[in-house]
$ cat run.txt   # compact mmCIF, C-alpha atoms
# COMPACT_ATOMS: atom_id res chain seq x y z
CA MET A 788 25.34 4.99 -11.54
CA GLU A 789 23.81 3.87 -8.26
CA LEU A 790 26.54 5.66 -6.30
CA ALA A 791 25.83 8.89 -8.18
CA ALA A 792 22.11 8.58 -7.39
CA THR A 793 22.92 8.01 -3.71
CA LEU A 794 25.17 11.07 -3.63
CA ILE A 795 22.48 13.22 -5.26
CA GLN A 796 19.90 11.85 -2.82
CA ASP A 797 22.17 12.65 0.14
CA LYS A 798 22.73 16.18 -1.18
CA LEU A 799 18.96 16.71 -1.58
CA LEU A 800 18.32 15.42 1.93
CA GLU A 801 20.97 17.72 3.38
CA GLY A 802 19.51 20.66 1.48
CA ALA A 803 16.02 19.84 2.72
CA LYS A 804 17.27 19.55 6.30
CA GLN A 805 18.65 23.07 5.92
CA GLY A 806 15.31 24.34 4.58
CA ASP A 807 16.23 24.60 0.90
CA ALA A 808 12.99 24.87 -1.09
CA LEU A 809 14.56 23.48 -4.27
CA SER A 810 15.65 20.35 -2.40
CA TYR A 811 12.15 19.91 -1.01
CA ARG A 812 10.72 20.26 -4.50
CA ALA A 813 13.21 17.83 -6.04
CA LEU A 814 12.42 15.19 -3.40
CA TYR A 815 8.70 15.74 -3.88
CA ASP A 816 8.99 15.46 -7.66
CA GLN A 817 11.05 12.30 -7.35
CA TYR A 818 8.63 10.43 -5.08
CA ALA A 819 5.17 11.97 -5.39
CA LYS A 820 3.78 9.79 -8.19
CA ALA A 821 4.85 6.49 -6.64
CA MET A 822 3.61 7.49 -3.17
CA TYR A 823 0.28 8.68 -4.58
CA ASN A 824 -0.18 5.35 -6.37
CA THR A 825 0.69 3.44 -3.21
CA SER A 826 -1.91 5.36 -1.23
CA LEU A 827 -4.52 5.13 -3.98
CA ARG A 828 -4.23 1.36 -4.08
CA ILE A 829 -5.01 1.22 -0.37
CA VAL A 830 -7.68 3.92 0.07
CA ASN A 831 -9.26 3.61 -3.41
CA ASN A 832 -10.14 7.30 -3.53
CA ALA A 833 -8.15 9.88 -5.50
CA ALA A 834 -8.95 12.83 -3.21
CA ASP A 835 -8.00 10.85 -0.09
CA ALA A 836 -4.80 9.65 -1.75
CA GLU A 837 -3.88 13.25 -2.63
CA ASP A 838 -4.53 14.36 0.96
CA ILE A 839 -2.47 11.49 2.33
CA LEU A 840 0.35 12.30 -0.08
CA GLN A 841 0.47 15.90 1.12
CA GLU A 842 0.28 14.90 4.79
CA ALA A 843 3.02 12.30 4.33
CA PHE A 844 5.39 14.77 2.69
CA ALA A 845 4.62 17.39 5.33
CA ASP A 846 5.40 14.89 8.10
CA ALA A 847 8.50 13.60 6.34
CA PHE A 848 9.88 17.09 5.85
CA ARG A 849 8.92 18.14 9.37
CA PHE A 850 10.67 15.13 10.90
CA LEU A 851 13.55 14.90 8.43
CA ASP A 852 16.05 15.21 11.28
CA ASN A 853 14.65 11.92 12.65
CA PHE A 854 15.47 10.11 9.39
CA GLN A 855 18.39 7.86 10.34
CA GLN A 856 19.25 6.76 6.79
CA LYS A 857 19.08 3.10 7.87
CA SER A 858 16.92 2.72 4.78
CA THR A 859 16.40 4.89 1.75
CA PHE A 860 14.35 8.05 1.99
CA GLY A 861 11.86 6.45 -0.41
CA ALA A 862 11.37 3.42 1.85
CA TRP A 863 10.94 5.67 4.90
CA LEU A 864 8.44 7.88 3.05
CA LYS A 865 6.56 4.83 1.75
CA ARG A 866 6.16 3.57 5.31
CA ILE A 867 4.65 6.93 6.27
CA VAL A 868 2.27 6.82 3.27
CA VAL A 869 1.21 3.22 3.98
CA ASN A 870 0.58 3.96 7.67
CA LYS A 871 -1.45 7.08 6.87
CA SER A 872 -3.42 5.18 4.23
CA ILE A 873 -4.19 2.35 6.62
CA ASN A 874 -5.23 4.84 9.29
CA LYS A 875 -7.60 6.44 6.78
CA VAL A 876 -9.16 3.08 5.98
CA LYS A 877 -9.51 2.35 9.70
CA ARG A 878 -11.10 5.76 10.35
CA GLU A 879 -13.62 5.01 7.64
CA LYS A 880 -14.62 2.04 9.78
CA GLN A 881 -13.57 -0.65 7.37
CA TYR A 882 -13.90 -3.88 9.27
CA TYR A 883 -12.01 -7.10 9.01
CA VAL A 884 -13.52 -10.32 10.22
CA ASP A 885 -11.14 -12.18 12.51
CA LEU A 886 -11.83 -15.72 11.44
CA GLU A 887 -10.10 -17.28 14.44
CA GLN A 888 -12.40 -15.40 16.82
CA ALA A 889 -15.45 -16.03 14.64
CA GLY A 890 -14.70 -19.77 14.66
CA ALA A 891 -14.72 -20.01 10.88
CA ARG A 892 -12.77 -22.72 9.10
CA LEU A 893 -9.72 -21.69 7.10
CA LEU A 894 -9.99 -22.15 3.37
CA ILE A 895 -8.32 -25.28 2.10
CA ASP A 896 -6.39 -25.94 -1.07
CA GLU A 897 -9.30 -27.61 -2.86
CA ASP A 898 -10.84 -24.15 -3.20
CA TYR A 899 -7.78 -23.07 -5.18
CA THR A 900 -8.25 -21.49 -8.60
CA ASP A 901 -5.46 -21.83 -11.14
CA GLU A 902 -4.31 -18.25 -11.56
CA ASP A 903 -2.03 -19.09 -14.48
CA ASP A 904 -5.11 -19.64 -16.65
CA HIS A 905 -6.11 -16.01 -16.17
CA ARG A 906 -3.97 -13.43 -17.89
CA TYR A 907 -5.47 -9.99 -17.97
CA ARG A 908 -4.27 -6.62 -19.01
CA VAL A 909 -3.01 -4.28 -16.34
CA GLU A 910 -5.84 -1.77 -16.66
CA GLU A 911 -8.48 -4.47 -16.28
CA VAL A 912 -6.78 -5.73 -13.14
CA LYS A 913 -6.47 -2.22 -11.72
CA LYS A 914 -10.17 -1.57 -12.29
CA ALA A 915 -11.08 -4.93 -10.79
CA ILE A 916 -8.92 -4.23 -7.71
CA GLN A 917 -10.82 -0.97 -7.23
CA GLN A 918 -14.05 -2.96 -7.09
CA LEU A 919 -12.88 -5.17 -4.22
CA PRO A 920 -14.32 -4.53 -0.77
CA ASP A 921 -11.99 -2.23 1.18
CA GLY A 922 -10.68 -4.93 3.52
CA TYR A 923 -9.83 -7.27 0.69
CA ARG A 924 -8.29 -4.50 -1.41
CA THR A 925 -6.14 -3.24 1.44
CA VAL A 926 -4.69 -6.66 2.28
CA LEU A 927 -4.20 -7.59 -1.37
CA CYS A 928 -2.41 -4.33 -2.20
CA LEU A 929 -0.19 -4.43 0.86
CA TYR A 930 0.84 -8.01 0.17
CA LEU A 931 1.07 -8.15 -3.61
CA LEU A 932 1.91 -4.61 -4.60
CA GLU A 933 3.67 -3.15 -1.57
CA ASP A 934 5.50 -6.39 -0.69
CA TYR A 935 4.64 -6.54 3.01
CA LYS A 936 4.54 -9.93 4.72
CA HIS A 937 1.37 -11.34 6.27
CA ASP A 938 2.70 -10.79 9.79
CA GLU A 939 3.58 -7.17 9.05
CA ILE A 940 0.13 -6.53 7.60
CA ALA A 941 -1.47 -8.15 10.64
CA VAL A 942 0.39 -5.76 12.96
CA MET A 943 -0.47 -2.73 10.79
CA LEU A 944 -4.16 -3.59 10.68
CA GLY A 945 -4.46 -4.96 14.20
CA ILE A 946 -5.72 -8.37 13.08
CA SER A 947 -4.33 -11.90 13.22
CA SER A 948 -1.98 -13.32 10.59
CA ALA A 949 -4.55 -16.03 9.87
CA THR A 950 -7.12 -13.35 9.09
CA VAL A 951 -4.67 -11.60 6.78
CA ARG A 952 -3.98 -14.85 4.93
CA SER A 953 -7.68 -15.58 4.68
CA GLN A 954 -8.52 -12.03 3.51
CA TYR A 955 -5.73 -12.23 0.94
CA PHE A 956 -6.96 -15.59 -0.37
CA ARG A 957 -10.55 -14.36 -0.56
CA ALA A 958 -9.43 -11.13 -2.23
CA LYS A 959 -7.63 -13.12 -4.92
CA GLN A 960 -10.70 -15.28 -5.47
CA LYS A 961 -12.99 -12.24 -5.65
CA LEU A 962 -10.57 -10.50 -8.04
CA ILE A 963 -10.55 -13.54 -10.32
CA ASP A 964 -14.36 -13.67 -10.21
CA ILE A 965 -14.60 -9.99 -11.15
CA LEU A 966 -12.19 -10.48 -14.02
CA LYS A 967 -14.02 -13.57 -15.26
CA GLN A 968 -17.23 -11.53 -15.37
CA GLY A 969 -15.56 -9.01 -17.64
CA GLY A 970 -14.64 -6.58 -14.86
CA LEU A 971 -18.25 -5.96 -13.90
CA GLN A 972 -19.30 -6.42 -10.31
$ encode --input "run.txt" --output "structure tokens"
Amino acid sequence: MELAATLIQDKLLEGAKQGDALSYRALYDQYAKAMYNTSLRIVNNAADAEDILQEAFADAFRFLDNFQQKSTFGAWLKRIVVNKSINKVKREKQYYVDLEQAGARLLIDEDYTDEDDHRYRVEEVKKAIQQLPDGYRTVLCLYLLEDYKHDEIAVMLGISSATVRSQYFRAKQKLIDILKQGGLQ
């Protein structure tokens, strides 16, 4: 089954490289929803996520000849979407506090909250994530939902790994607080 999907994917990519509109459409239909959701989790604005989605597909199709197939098309496209989303957040002047430069102490384990005690429905968590400050939400989504490592996030955002870890920890704490208050913040 996986081989068949790979063959279909390769055929669609070849068709798109040759300018076939049906191949473009099939690739768009296959990936649009997931890429939109990825962007939305980072930028927290539906209109911006839609714009980023369109820009990402336009860039991907424009530079399709540069796609080396070292990864899947979906992974390559996701990287484009994540980068565009992060650039949007940066353009909106969302600031991250570099705790190493600010001389702040790193949070220690005694501040830990037992996350296993808190089981919430998906919609409640989604709504609570939307309420997080942009910096927290971006780091949390990239780490938890998009599966990037702290060091990768640090490079993407131009901040230290310690700041990413700290922002992630604080984002989790804030998320738990929002959920404990019934999703109201």
$ residues_around --input "run.txt" --residues "region 802-806 of chain A" --least-positions-apart "4" --cutoff "8 Å" --atoms "only C-alpha atoms" --output "ChimeraX atom specification"
/A:798,810-811,848,851-852
$ atom_distance --input "run.txt" --atom1 "CA of Val868 (chain A)" --atom2 "CA of Ala843 (chain A)"
5.6 Å
$ closest_residue --input "run.txt" --among "A:Ile839, A:Val909, A:Leu799, A:Ile965" --to "Ala819 (chain A)" --atoms "only C-alpha atoms"
A:Ile839
$ closest_residue --input "run.txt" --among "A:Leu827, A:Leu800, A:Ala915, A:Leu840" --to "Gln855 (chain A)" --atoms "all atoms listed in the file"
A:Leu800
$ atom_distance --input "run.txt" --atom1 "CA of Leu814 (chain A)" --atom2 "CA of Thr859 (chain A)"
12.2 Å
